[in-house]
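Source file: upload.cif. Holds: mmCIF, C-alpha atoms and all ligand atoms.
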data_query
#
loop_
_atom_site.label_atom_id
_atom_site.label_comp_id
_atom_site.auth_asym_id
_atom_site.auth_seq_id
_atom_site.Cartn_x
_atom_site.Cartn_y
_atom_site.Cartn_z
CA MET A 1 20.26 6.07 -11.08
CA VAL A 2 18.14 3.39 -12.76
CA ALA A 3 17.84 3.47 -16.58
CA THR A 4 14.41 4.53 -17.85
CA PRO A 5 13.64 3.13 -21.29
CA GLN A 6 10.96 4.93 -23.34
CA GLU A 7 7.65 3.12 -23.91
CA PRO A 8 4.29 4.77 -24.50
CA ASN A 9 1.56 3.56 -22.11
CA VAL A 10 4.14 2.96 -19.40
CA SER A 11 4.80 5.52 -16.65
CA ARG A 12 7.79 5.16 -14.38
CA VAL A 13 8.57 6.31 -10.86
CA GLU A 14 11.95 5.80 -9.26
CA VAL A 15 12.27 5.00 -5.58
CA PRO A 16 15.59 6.71 -4.77
CA LEU A 17 17.46 4.56 -2.26
CA GLY A 18 21.08 4.58 -3.45
CA THR A 19 22.18 1.04 -4.31
CA ARG A 20 18.70 -0.21 -3.39
CA SER A 21 16.93 2.13 -5.85
CA TYR A 22 14.28 0.55 -8.03
CA LEU A 23 11.61 1.39 -10.57
CA ILE A 24 7.85 1.26 -10.32
CA GLU A 25 6.46 0.72 -13.83
CA ILE A 26 2.79 1.56 -14.33
CA SER A 27 1.01 0.54 -17.52
CA SER A 28 -2.52 0.21 -18.80
CA GLY A 29 -3.50 -2.34 -21.44
CA GLU A 30 0.01 -3.84 -21.42
CA ALA A 31 -0.24 -6.83 -19.08
CA ASN A 32 1.61 -8.94 -21.65
CA ARG A 33 4.77 -6.88 -21.05
CA PHE A 34 5.35 -8.25 -17.52
CA ALA A 35 7.67 -11.12 -18.50
CA ARG A 36 9.72 -8.86 -20.81
CA ALA A 37 9.94 -6.15 -18.17
CA ILE A 38 11.13 -8.60 -15.52
CA LYS A 39 13.78 -10.05 -17.84
CA ALA A 40 14.92 -6.58 -18.88
CA SER A 41 15.24 -5.44 -15.29
CA ILE A 42 16.84 -8.60 -13.89
CA GLY A 43 19.42 -9.50 -16.50
CA ASP A 44 20.74 -12.64 -14.81
CA LEU A 45 17.32 -14.13 -14.03
CA SER A 46 17.54 -17.92 -14.23
CA HIS A 47 14.97 -19.13 -11.67
CA ALA A 48 11.68 -17.37 -10.90
CA LEU A 49 9.66 -18.29 -7.81
CA ILE A 50 6.12 -17.01 -8.35
CA ILE A 51 4.05 -16.74 -5.18
CA ALA A 52 0.45 -15.88 -6.05
CA ASP A 53 -2.85 -15.25 -4.31
CA GLU A 54 -5.07 -18.14 -5.42
CA ALA A 55 -7.70 -15.60 -6.53
CA VAL A 56 -5.43 -14.16 -9.23
CA ASP A 57 -3.73 -17.38 -10.33
CA THR A 58 -5.81 -18.12 -13.41
CA ALA A 59 -6.12 -14.55 -14.66
CA TRP A 60 -2.66 -13.15 -13.92
CA ALA A 61 -0.06 -15.41 -12.26
CA GLY A 62 -0.57 -18.38 -14.62
CA PRO A 63 -0.11 -16.34 -17.81
CA LEU A 64 2.92 -14.60 -16.28
CA ALA A 65 4.51 -17.99 -15.47
CA ASP A 66 3.91 -19.20 -19.04
CA ALA A 67 5.28 -15.99 -20.53
CA LEU A 68 8.40 -16.06 -18.34
CA ALA A 69 9.14 -19.60 -19.43
CA THR A 70 8.68 -18.86 -23.12
CA THR A 71 9.70 -15.21 -23.70
CA SER A 72 12.83 -15.07 -25.81
CA GLY A 73 16.21 -14.57 -24.19
CA ASN A 74 17.80 -16.65 -21.42
CA ARG A 75 16.04 -19.90 -20.51
CA ILE A 76 14.32 -19.37 -17.21
CA ARG A 77 13.15 -22.05 -14.81
CA VAL A 78 9.78 -21.06 -13.38
CA SER A 79 8.33 -22.40 -10.11
CA LYS A 80 4.86 -21.28 -9.05
CA THR A 81 2.75 -21.77 -5.96
CA THR A 82 -0.48 -20.27 -4.65
CA VAL A 83 -1.48 -19.06 -1.21
CA PRO A 84 -5.07 -18.93 0.13
CA SER A 85 -6.63 -15.45 -0.12
CA GLY A 86 -6.95 -13.36 3.01
CA GLU A 87 -5.12 -11.94 6.01
CA PRO A 88 -4.75 -15.32 7.84
CA SER A 89 -2.12 -16.25 5.22
CA LYS A 90 0.26 -13.68 6.76
CA SER A 91 1.22 -16.34 9.33
CA ILE A 92 4.33 -18.09 10.62
CA ASN A 93 2.95 -21.36 9.20
CA GLN A 94 2.53 -19.97 5.71
CA PHE A 95 5.95 -18.29 5.94
CA GLN A 96 7.54 -21.63 6.87
CA SER A 97 5.77 -23.60 4.10
CA LEU A 98 6.90 -21.09 1.50
CA LEU A 99 10.53 -21.27 2.65
CA GLU A 100 10.34 -25.09 2.47
CA TRP A 101 8.74 -24.85 -0.95
CA ILE A 102 11.64 -22.71 -2.21
CA LEU A 103 14.10 -25.28 -0.89
CA ASP A 104 12.13 -28.11 -2.58
CA GLU A 105 12.17 -26.18 -5.84
CA GLY A 106 15.94 -25.97 -5.69
CA GLY A 107 15.96 -22.24 -4.97
CA ASP A 108 19.27 -20.57 -4.25
CA ARG A 109 20.67 -17.10 -3.64
CA ARG A 110 20.15 -16.11 -7.28
CA SER A 111 16.49 -17.15 -7.46
CA VAL A 112 14.00 -14.28 -7.65
CA VAL A 113 10.64 -14.23 -5.84
CA ILE A 114 7.75 -12.72 -7.79
CA ALA A 115 4.77 -11.75 -5.60
CA VAL A 116 1.45 -11.64 -7.48
CA GLY A 117 -1.42 -10.47 -5.31
CA GLY A 118 -2.61 -7.79 -2.91
CA GLY A 119 -0.91 -6.50 0.22
CA VAL A 120 -1.20 -9.87 1.94
CA ILE A 121 0.88 -11.63 -0.71
CA GLY A 122 3.32 -8.72 -1.08
CA ASP A 123 4.01 -8.60 2.66
CA LEU A 124 4.28 -12.39 2.98
CA ALA A 125 6.29 -13.15 -0.16
CA GLY A 126 8.49 -10.10 0.47
CA TYR A 127 9.33 -11.39 3.94
CA VAL A 128 10.04 -14.85 2.54
CA ALA A 129 12.43 -13.21 0.05
CA ALA A 130 14.04 -11.21 2.87
CA ALA A 131 14.61 -14.35 4.91
CA PHE A 132 15.64 -17.05 2.42
CA THR A 133 19.45 -17.33 2.59
CA ARG A 134 19.36 -13.92 4.34
CA GLY A 135 17.75 -12.24 1.38
CA ILE A 136 17.04 -12.90 -2.28
CA ARG A 137 15.69 -10.46 -4.83
CA PHE A 138 11.97 -9.99 -5.33
CA VAL A 139 9.54 -8.37 -7.72
CA GLN A 140 6.14 -7.02 -6.74
CA VAL A 141 3.17 -7.45 -9.07
CA PRO A 142 0.40 -5.85 -6.99
CA THR A 143 -3.17 -6.79 -7.93
CA THR A 144 -5.26 -4.59 -5.60
CA LEU A 145 -5.40 -0.79 -5.76
CA LEU A 146 -4.22 -0.63 -2.14
CA ALA A 147 -1.18 -2.72 -2.98
CA MET A 148 -0.47 -0.63 -6.10
CA VAL A 149 -0.43 2.71 -4.29
CA ASP A 150 0.77 1.66 -0.87
CA SER A 151 1.94 -1.76 0.26
CA SER A 152 4.05 -2.76 -2.77
CA VAL A 153 6.18 0.39 -2.48
CA GLY A 154 8.53 1.13 0.39
CA GLY A 155 10.03 -2.19 1.40
CA LYS A 156 8.03 -3.01 4.51
CA THR A 157 7.45 -6.77 4.55
CA GLY A 158 6.13 -9.02 7.26
CA ILE A 159 3.58 -11.31 8.83
CA ASN A 160 1.25 -11.34 11.84
CA LEU A 161 1.50 -13.08 15.19
CA PRO A 162 -1.79 -14.24 16.72
CA GLY A 163 -3.44 -11.02 17.89
CA ALA A 164 -0.54 -8.82 16.76
CA LYS A 165 -0.69 -7.50 13.21
CA ASN A 166 2.58 -6.92 11.32
CA MET A 167 4.55 -7.80 14.45
CA VAL A 168 7.33 -9.67 12.63
CA GLY A 169 9.02 -8.48 9.48
CA ALA A 170 11.88 -6.80 7.71
CA PHE A 171 12.66 -3.81 5.56
CA TRP A 172 13.42 -5.48 2.25
CA GLN A 173 13.15 -3.47 -0.94
CA PRO A 174 11.90 -5.07 -4.16
CA SER A 175 14.01 -4.95 -7.32
CA LEU A 176 11.04 -3.89 -9.43
CA VAL A 177 7.33 -3.10 -9.02
CA LEU A 178 5.11 -3.86 -12.02
CA ILE A 179 1.67 -2.26 -11.98
CA GLU A 180 -0.95 -2.78 -14.70
CA THR A 181 -4.33 -1.10 -14.35
CA ASP A 182 -6.11 -3.88 -16.31
CA VAL A 183 -5.32 -6.24 -13.42
CA LEU A 184 -7.90 -4.32 -11.39
CA SER A 185 -10.69 -5.41 -13.76
CA THR A 186 -11.32 -8.54 -11.66
CA LEU A 187 -11.22 -6.74 -8.31
CA PRO A 188 -14.61 -6.37 -6.53
CA ASP A 189 -15.98 -2.81 -6.39
CA ARG A 190 -15.79 -2.34 -2.66
CA SER A 191 -12.14 -3.35 -2.47
CA TYR A 192 -11.32 -1.14 -5.45
CA LEU A 193 -13.01 1.96 -3.99
CA SER A 194 -11.38 1.28 -0.64
CA GLY A 195 -7.99 1.71 -2.34
CA LEU A 196 -9.00 5.19 -3.48
CA ALA A 197 -8.92 6.34 0.15
CA GLU A 198 -5.12 5.99 0.16
CA VAL A 199 -4.97 7.90 -3.15
CA ILE A 200 -6.92 10.79 -1.59
CA LYS A 201 -4.56 10.60 1.39
CA TYR A 202 -1.55 11.41 -0.81
CA GLY A 203 -3.32 14.50 -2.13
CA VAL A 204 -3.98 15.80 1.37
CA ILE A 205 -0.58 15.04 2.88
CA ASP A 206 1.73 15.86 0.00
CA ASP A 207 0.31 17.24 -3.22
CA ALA A 208 -2.29 20.01 -3.52
CA GLU A 209 -2.17 19.97 -7.32
CA PHE A 210 -2.90 16.25 -7.35
CA PHE A 211 -5.76 16.79 -4.90
CA ALA A 212 -7.30 19.31 -7.32
CA TRP A 213 -6.81 16.83 -10.18
CA LEU A 214 -8.63 14.20 -8.12
CA GLU A 215 -11.51 16.62 -7.56
CA SER A 216 -11.92 16.95 -11.34
CA ASN A 217 -11.37 13.27 -12.14
CA ALA A 218 -13.12 11.37 -9.34
CA ALA A 219 -15.83 10.06 -11.65
CA ALA A 220 -13.29 8.64 -14.12
CA LEU A 221 -11.48 6.93 -11.26
CA VAL A 222 -14.67 5.44 -9.88
CA ASP A 223 -15.26 4.06 -13.41
CA ARG A 224 -11.71 2.61 -13.42
CA ASP A 225 -10.74 4.58 -16.50
CA GLY A 226 -7.29 3.26 -17.50
CA PRO A 227 -5.37 6.49 -18.24
CA ALA A 228 -6.89 8.30 -15.22
CA LEU A 229 -5.95 5.39 -13.00
CA ARG A 230 -2.44 5.23 -14.37
CA TYR A 231 -1.95 8.91 -13.56
CA ALA A 232 -3.45 8.58 -10.07
CA ILE A 233 -1.28 5.55 -9.31
CA GLN A 234 1.81 7.32 -10.64
CA LYS A 235 1.22 10.41 -8.47
CA SER A 236 0.48 8.25 -5.42
CA CYS A 237 3.62 6.16 -5.92
CA GLN A 238 5.64 9.35 -6.48
CA SER A 239 4.49 10.71 -3.12
CA LYS A 240 5.21 7.45 -1.35
CA ALA A 241 8.60 7.15 -3.10
CA ASN A 242 9.58 10.66 -1.95
CA VAL A 243 8.68 9.92 1.64
CA VAL A 244 10.36 6.51 1.62
CA GLY A 245 13.44 8.01 -0.04
CA ASP A 246 13.71 10.48 2.86
CA ASP A 247 13.04 7.96 5.61
CA GLU A 248 13.59 4.38 4.42
CA ARG A 249 13.44 2.79 7.87
CA GLU A 250 11.00 5.06 9.66
CA THR A 251 13.68 6.69 11.78
CA SER A 252 13.40 10.42 10.98
CA GLY A 253 9.64 10.61 11.50
CA ARG A 254 8.99 11.74 7.92
CA ARG A 255 7.44 8.38 7.01
CA ALA A 256 4.85 8.96 9.76
CA ILE A 257 2.93 11.36 7.49
CA LEU A 258 1.71 8.29 5.60
CA ASN A 259 -0.34 7.55 8.70
CA TYR A 260 -2.72 10.47 8.13
CA GLY A 261 -6.16 9.32 9.31
CA HIS A 262 -4.72 5.98 10.40
CA THR A 263 -4.64 6.39 14.20
CA PHE A 264 -8.40 6.83 14.06
CA ALA A 265 -8.76 4.19 11.32
CA HIS A 266 -6.90 1.49 13.22
CA ALA A 267 -9.12 2.05 16.25
CA ILE A 268 -12.23 1.99 14.05
CA GLU A 269 -11.11 -1.25 12.38
CA ALA A 270 -10.26 -2.84 15.72
CA THR A 271 -13.65 -2.03 17.23
CA ALA A 272 -16.05 -2.08 14.28
CA GLY A 273 -16.28 -5.88 14.26
CA TYR A 274 -14.10 -8.01 12.02
CA GLY A 275 -14.69 -7.43 8.32
CA SER A 276 -17.48 -4.87 8.70
CA LEU A 277 -15.32 -2.04 7.36
CA LEU A 278 -12.54 -2.31 4.81
CA HIS A 279 -9.26 -0.56 5.60
CA GLY A 280 -9.82 2.26 3.09
CA GLU A 281 -13.33 2.86 4.41
CA ALA A 282 -11.94 3.24 7.93
CA VAL A 283 -9.16 5.51 6.58
CA SER A 284 -11.77 7.75 4.92
CA ILE A 285 -13.59 8.19 8.22
CA GLY A 286 -10.26 8.56 10.05
CA MET A 287 -9.17 11.37 7.70
CA GLN A 288 -12.47 13.13 8.43
CA MET A 289 -11.83 12.87 12.17
CA ALA A 290 -8.25 14.11 11.76
CA ALA A 291 -9.39 17.09 9.66
CA ARG A 292 -11.98 18.02 12.28
CA LEU A 293 -9.36 17.76 14.99
CA ALA A 294 -7.06 20.06 13.00
CA ILE A 295 -9.85 22.62 12.65
CA ASP A 296 -10.65 22.51 16.38
CA LEU A 297 -6.99 23.03 17.20
CA GLY A 298 -6.88 26.04 14.89
CA LEU A 299 -4.40 24.43 12.50
CA THR A 300 -6.59 24.74 9.44
CA ASP A 301 -9.96 26.04 8.33
CA ALA A 302 -13.32 24.44 7.56
CA ALA A 303 -12.75 24.72 3.79
CA LEU A 304 -10.21 21.89 3.95
CA LEU A 305 -12.75 19.57 5.50
CA ASP A 306 -15.38 20.61 2.95
CA ARG A 307 -13.11 19.73 0.03
CA GLN A 308 -11.99 16.48 1.60
CA THR A 309 -15.58 15.48 2.37
CA ALA A 310 -16.71 16.21 -1.18
CA LEU A 311 -13.84 14.19 -2.68
CA ILE A 312 -14.36 11.20 -0.39
CA LYS A 313 -18.07 11.22 -1.26
CA ALA A 314 -17.31 11.50 -4.99
CA CYS A 315 -15.19 8.35 -4.59
CA LYS A 316 -18.19 6.61 -3.01
CA LEU A 317 -16.48 6.18 0.33
CA PRO A 318 -17.98 6.88 3.79
CA THR A 319 -17.43 10.25 5.50
CA THR A 320 -19.16 9.48 8.80
CA LEU A 321 -19.48 6.59 11.24
CA ALA A 322 -22.98 6.47 12.73
CA ASP A 323 -22.05 4.81 16.00
CA ALA A 324 -18.59 6.38 16.49
CA ASP A 325 -18.01 6.26 20.23
CA PRO A 326 -15.08 8.01 21.93
CA ASP A 327 -15.38 5.67 24.92
CA THR A 328 -14.60 2.66 22.72
CA LEU A 329 -12.17 4.31 20.28
CA LEU A 330 -9.98 6.29 22.68
CA PRO A 331 -8.77 3.33 24.79
CA VAL A 332 -7.74 1.52 21.59
CA MET A 333 -5.97 4.64 20.30
CA MET A 334 -4.03 4.91 23.55
CA ARG A 335 -2.59 1.44 22.85
CA ASP A 336 -1.46 2.45 19.32
CA LYS A 337 2.26 2.21 18.54
CA LYS A 338 2.36 5.96 18.00
CA VAL A 339 1.35 6.92 21.55
CA ALA A 340 4.37 8.36 23.34
CA HIS A 341 4.26 8.56 27.15
CA GLY A 342 0.47 8.45 27.23
CA LYS A 343 0.11 11.44 24.86
CA LEU A 344 -1.70 10.95 21.58
CA ARG A 345 0.13 11.93 18.41
CA PHE A 346 -1.59 12.74 15.15
CA ILE A 347 -0.75 13.65 11.59
CA LEU A 348 -2.86 16.77 11.04
CA PRO A 349 -3.38 18.85 7.90
CA THR A 350 -2.59 22.55 7.91
CA LYS A 351 -3.66 23.00 4.29
CA ILE A 352 -4.34 20.68 1.36
CA GLY A 353 -0.94 19.21 0.46
CA HIS A 354 0.66 19.68 3.87
CA VAL A 355 0.47 17.88 7.21
CA GLU A 356 2.29 18.11 10.53
CA LEU A 357 2.99 15.61 13.27
CA ARG A 358 1.45 16.90 16.50
CA GLY A 359 2.09 15.29 19.85
CA ASP A 360 0.49 16.14 23.15
CA ILE A 361 -3.06 16.29 21.85
CA ASP A 362 -5.70 16.74 24.49
CA GLN A 363 -8.14 13.82 24.73
CA GLN A 364 -11.12 16.17 24.94
CA ALA A 365 -10.33 17.52 21.48
CA VAL A 366 -10.08 13.97 20.11
CA ARG A 367 -13.40 13.10 21.72
CA LYS A 368 -15.01 16.12 20.07
CA ALA A 369 -13.62 15.20 16.64
CA ILE A 370 -14.98 11.66 16.94
CA LEU A 371 -18.43 12.87 17.96
CA ALA A 372 -18.52 15.42 15.12
CA THR A 373 -17.93 12.62 12.57
CA ARG A 374 -21.08 10.65 13.48
N1 LIG B 1 3.86 -3.25 3.50
C1 LIG B 1 3.19 -2.13 3.59
O1 LIG B 1 3.76 -1.02 3.53
C2 LIG B 1 1.71 -2.18 3.73
C3 LIG B 1 0.95 -1.00 3.61
C4 LIG B 1 -0.43 -1.10 3.69
C5 LIG B 1 -1.03 -2.35 3.90
N2 LIG B 1 -0.27 -3.46 4.03
C6 LIG B 1 -0.89 -4.79 4.22
O2 LIG B 1 -1.65 -5.10 3.06
C7 LIG B 1 -2.67 -6.02 3.42
C8 LIG B 1 -3.97 -5.59 2.75
O3 LIG B 1 -3.77 -5.58 1.37
P1 LIG B 1 -4.99 -5.69 0.34
O4 LIG B 1 -6.02 -4.71 0.71
O5 LIG B 1 -4.40 -5.68 -1.00
O6 LIG B 1 -5.65 -7.09 0.72
P2 LIG B 1 -5.51 -8.57 0.15
O7 LIG B 1 -4.15 -8.87 -0.32
O8 LIG B 1 -6.10 -9.46 1.18
O9 LIG B 1 -6.49 -8.54 -1.12
C9 LIG B 1 -7.87 -8.28 -0.90
C10 LIG B 1 -8.74 -9.36 -1.54
O10 LIG B 1 -8.74 -9.17 -2.94
C11 LIG B 1 -8.44 -10.39 -3.61
N3 LIG B 1 -7.75 -9.97 -4.83
C12 LIG B 1 -6.54 -9.41 -4.94
N4 LIG B 1 -6.31 -8.99 -6.19
C13 LIG B 1 -7.39 -9.30 -6.91
C14 LIG B 1 -7.76 -9.11 -8.26
N5 LIG B 1 -6.97 -8.45 -9.12
N6 LIG B 1 -8.94 -9.59 -8.66
C15 LIG B 1 -9.76 -10.20 -7.78
N7 LIG B 1 -9.50 -10.39 -6.49
C16 LIG B 1 -8.31 -9.94 -6.06
C17 LIG B 1 -7.62 -11.16 -2.62
O11 LIG B 1 -7.74 -12.54 -2.88
C18 LIG B 1 -8.27 -10.78 -1.30
O12 LIG B 1 -9.40 -11.58 -1.08
C19 LIG B 1 -2.73 -6.04 4.93
O13 LIG B 1 -2.17 -7.24 5.40
C20 LIG B 1 -1.87 -4.86 5.36
O14 LIG B 1 -1.21 -5.06 6.59
C21 LIG B 1 1.09 -3.39 3.94
ZN ZN B 2 -3.62 2.52 4.97
#
Would you mind giving the structure from this file in structure tokens?
Amino acid sequence: MVATPQEPNVSRVEVPLGTRSYLIEISSGEANRFARAIKASIGDLSHALIIADEAVDTAWAGPLADALATTSGNRIRVSKTTVPSGEPSKSINQFQSLLEWILDEGGDRRSVVIAVGGGVIGDLAGYVAAAFTRGIRFVQVPTTLLAMVDSSVGGKTGINLPGAKNMVGAFWQPSLVLIETDVLSTLPDRSYLSGLAEVIKYGVIDDAEFFAWLESNAAALVDRDGPALRYAIQKSCQSKANVVGDDERETSGRRAILNYGHTFAHAIEATAGYGSLLHGEAVSIGMQMAARLAIDLGLTDAALLDRQTALIKACKLPTTLADADPDTLLPVMMRDKKVAHGKLRFILPTKIGHVELRGDIDQQAVRKAILATR
């Protein structure tokens, strides 16, 4: 069990993984606590290796580096580097340069990597931490909403091969995740709203009460209200922590529920033309298709789709895809990792707060669900 000190304005969620357990700390208006929190959590910290997205260097990584070097307590050596923004940075080349950078900076087994950025930086820097001397500790400081509620929690790290996303990586849990809602103030609107799709996902798959809370508080979230966001991030991380705690390495199948809407979404992203839809936008549409499929299969009723549609709309995300075409989407879905022996598998809702993994789904039903979401 990890100690949980009391601080107002800071919410905590524990990811329960035995000796690999760690805390997610979520604050609003307390960005200046990062250095203290890192020192408190990693008592023997002597060398910090900050790896930051260049877009958040000035606003967030730079001040964190300064604070780590000057906050009272043990003297800490701080090394910092930046990585170009965007998915192409999740590459073998970038991975190699970062490992060489750590060596140049005199890093050793006790150095601690601190990832400051969105999912790209978290995945990349986490994998660098997993690999250097077979694994050094790392801290996640996620700066996008998607990274705060999804990618920074759960220990999946990795990079892409040309044409094969997330093909190389490791399960490597962070020692601490530090989330501050103020960090989102610099994030463009579209990226921010896109992250809300994953928040809605947790309501549907795991937490009916939270879903109802989202229905009442969607406007506050769209406005990035600090306390509302802190609560939404806390509930989302709690759901992800529960799932990850049950199925750390995706072996029992429980972790698959996090893929609600994603079999459709991945196909939409792969065919919609690069960059035309953000991940969360595709997930919103994918959840709509999955809900329709569940209704057609008699697993749930139309009321579920009505509530989900209203909430997605209230979060200013898309609920339909005008040119959704089963003839383009289905072949891509058949190539998805989750296809077993040519049969499509889906995470489908039975009621708000509960989903089931269903294999053996008839392609005609999938076709119908896609067409109904146009
Ligand atoms: N490990 C996991 O479990 C997991 C889960 C989901 C997604 N992912 C990965 O996450 C990645 C996507 O993450 P993402 O959506 O955070 O994208 P991202 O890291 O590319 O960030 C999106 C954009 O926002 C910019 N940015 C980040 N924070 C900002 C801030 N505070 N202010 C202004 N600009 C900011 C970045 O420079 C970038 O241009 C993908 O590579 C995906 O594979 C991993
Ligand atoms: Zn997702």
Open item on the list: Just want the 9 Å neighbourhood of Leu98 (chain A), counted on all atoms listed in the file, with same-chain residues fewer than 2 positions away dropped. Output as a ChimeraX atom specification.
Closed with: /A:51,81,93-96,100-103,125,128
Task: Ref. answer, residues at most 12 Å from (7.6, 0.5, 1.0) with all atoms listed in the file, as JSON, numbers by chain - done: {"A": [15, 16, 17, 20, 21, 22, 24, 119, 122, 123, 126, 140, 147, 148, 149, 150, 151, 152, 153, 154, 155, 156, 157, 158, 170, 171, 172, 173, 174, 175, 176, 177, 237, 238, 239, 240, 241, 242, 243, 244, 245, 246, 247, 248, 249, 250, 255, 258]}
Task: Two-atom distance - CA of Pro8 (chain A), CA of Gly195 (chain A) (Å) - done: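 Interatomic distance, CA of Pro8 (chain A) to CA of Gly195 (chain A): 25.5 Å.
Environment of ligand LIG 1 (chain B), defined as every protein or nucleic acid residue with an atom within 6 Å of it and counting all atoms listed in the file, comprises Asp53, Ala55, Val56, Ser85, Gly86, Glu87, Gly117, Gly118, Gly119, Val120, Ile121, Asp123, Thr143, Thr144, Leu146, Ala147, Asp150, Ser151, Lys156, Thr157, Val183, Leu184, Thr186 and Leu187 of chain A.
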Open item on the list: Restricting the calculation to all atoms listed in the file: of A:Asn32, A:Thr271, A:Thr133, A:Ser185, which residue gets closest to Pro326 (chain A)?
Closed with: A:Thr271
When the cut-off is 10 Å and you count only C-alpha atoms and all ligand atoms, which residues lie near ligand ZN 2 (chain B), shown as a PDB file with C-alpha atoms, in the coordinates of the input?
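That gives us part04.pdb:
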ATOM      1  CA  LEU A 146      -4.220  -0.630  -2.140  1.00  0.00           C
ATOM      2  CA  ALA A 147      -1.180  -2.720  -2.980  1.00  0.00           C
ATOM      3  CA  VAL A 149      -0.430   2.710  -4.290  1.00  0.00           C
ATOM      4  CA  ASP A 150       0.770   1.660  -0.870  1.00  0.00           C
ATOM      5  CA  SER A 151       1.940  -1.760   0.260  1.00  0.00           C
ATOM      6  CA  SER A 194     -11.380   1.280  -0.640  1.00  0.00           C
ATOM      7  CA  GLY A 195      -7.990   1.710  -2.340  1.00  0.00           C
ATOM      8  CA  ALA A 197      -8.920   6.340   0.150  1.00  0.00           C
ATOM      9  CA  GLU A 198      -5.120   5.990   0.160  1.00  0.00           C
ATOM     10  CA  VAL A 199      -4.970   7.900  -3.150  1.00  0.00           C
ATOM     11  CA  LYS A 201      -4.560  10.600   1.390  1.00  0.00           C
ATOM     12  CA  LEU A 258       1.710   8.290   5.600  1.00  0.00           C
ATOM     13  CA  ASN A 259      -0.340   7.550   8.700  1.00  0.00           C
ATOM     14  CA  TYR A 260      -2.720  10.470   8.130  1.00  0.00           C
ATOM     15  CA  GLY A 261      -6.160   9.320   9.310  1.00  0.00           C
ATOM     16  CA  HIS A 262      -4.720   5.980  10.400  1.00  0.00           C
ATOM     17  CA  ALA A 265      -8.760   4.190  11.320  1.00  0.00           C
ATOM     18  CA  HIS A 266      -6.900   1.490  13.220  1.00  0.00           C
ATOM     19  CA  HIS A 279      -9.260  -0.560   5.600  1.00  0.00           C
ATOM     20  CA  GLY A 280      -9.820   2.260   3.090  1.00  0.00           C
ATOM     21  CA  GLU A 281     -13.330   2.860   4.410  1.00  0.00           C
ATOM     22  CA  ALA A 282     -11.940   3.240   7.930  1.00  0.00           C
ATOM     23  CA  VAL A 283      -9.160   5.510   6.580  1.00  0.00           C
ATOM     24  CA  SER A 284     -11.770   7.750   4.920  1.00  0.00           C
TER      25      SER A 284
END
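If all atoms listed in the file are the atoms counted, then among A:Glu209, A:Asp44, A:Asp296, A:Asp66 the closest residue to Ile361 (chain A) is A:Asp296.
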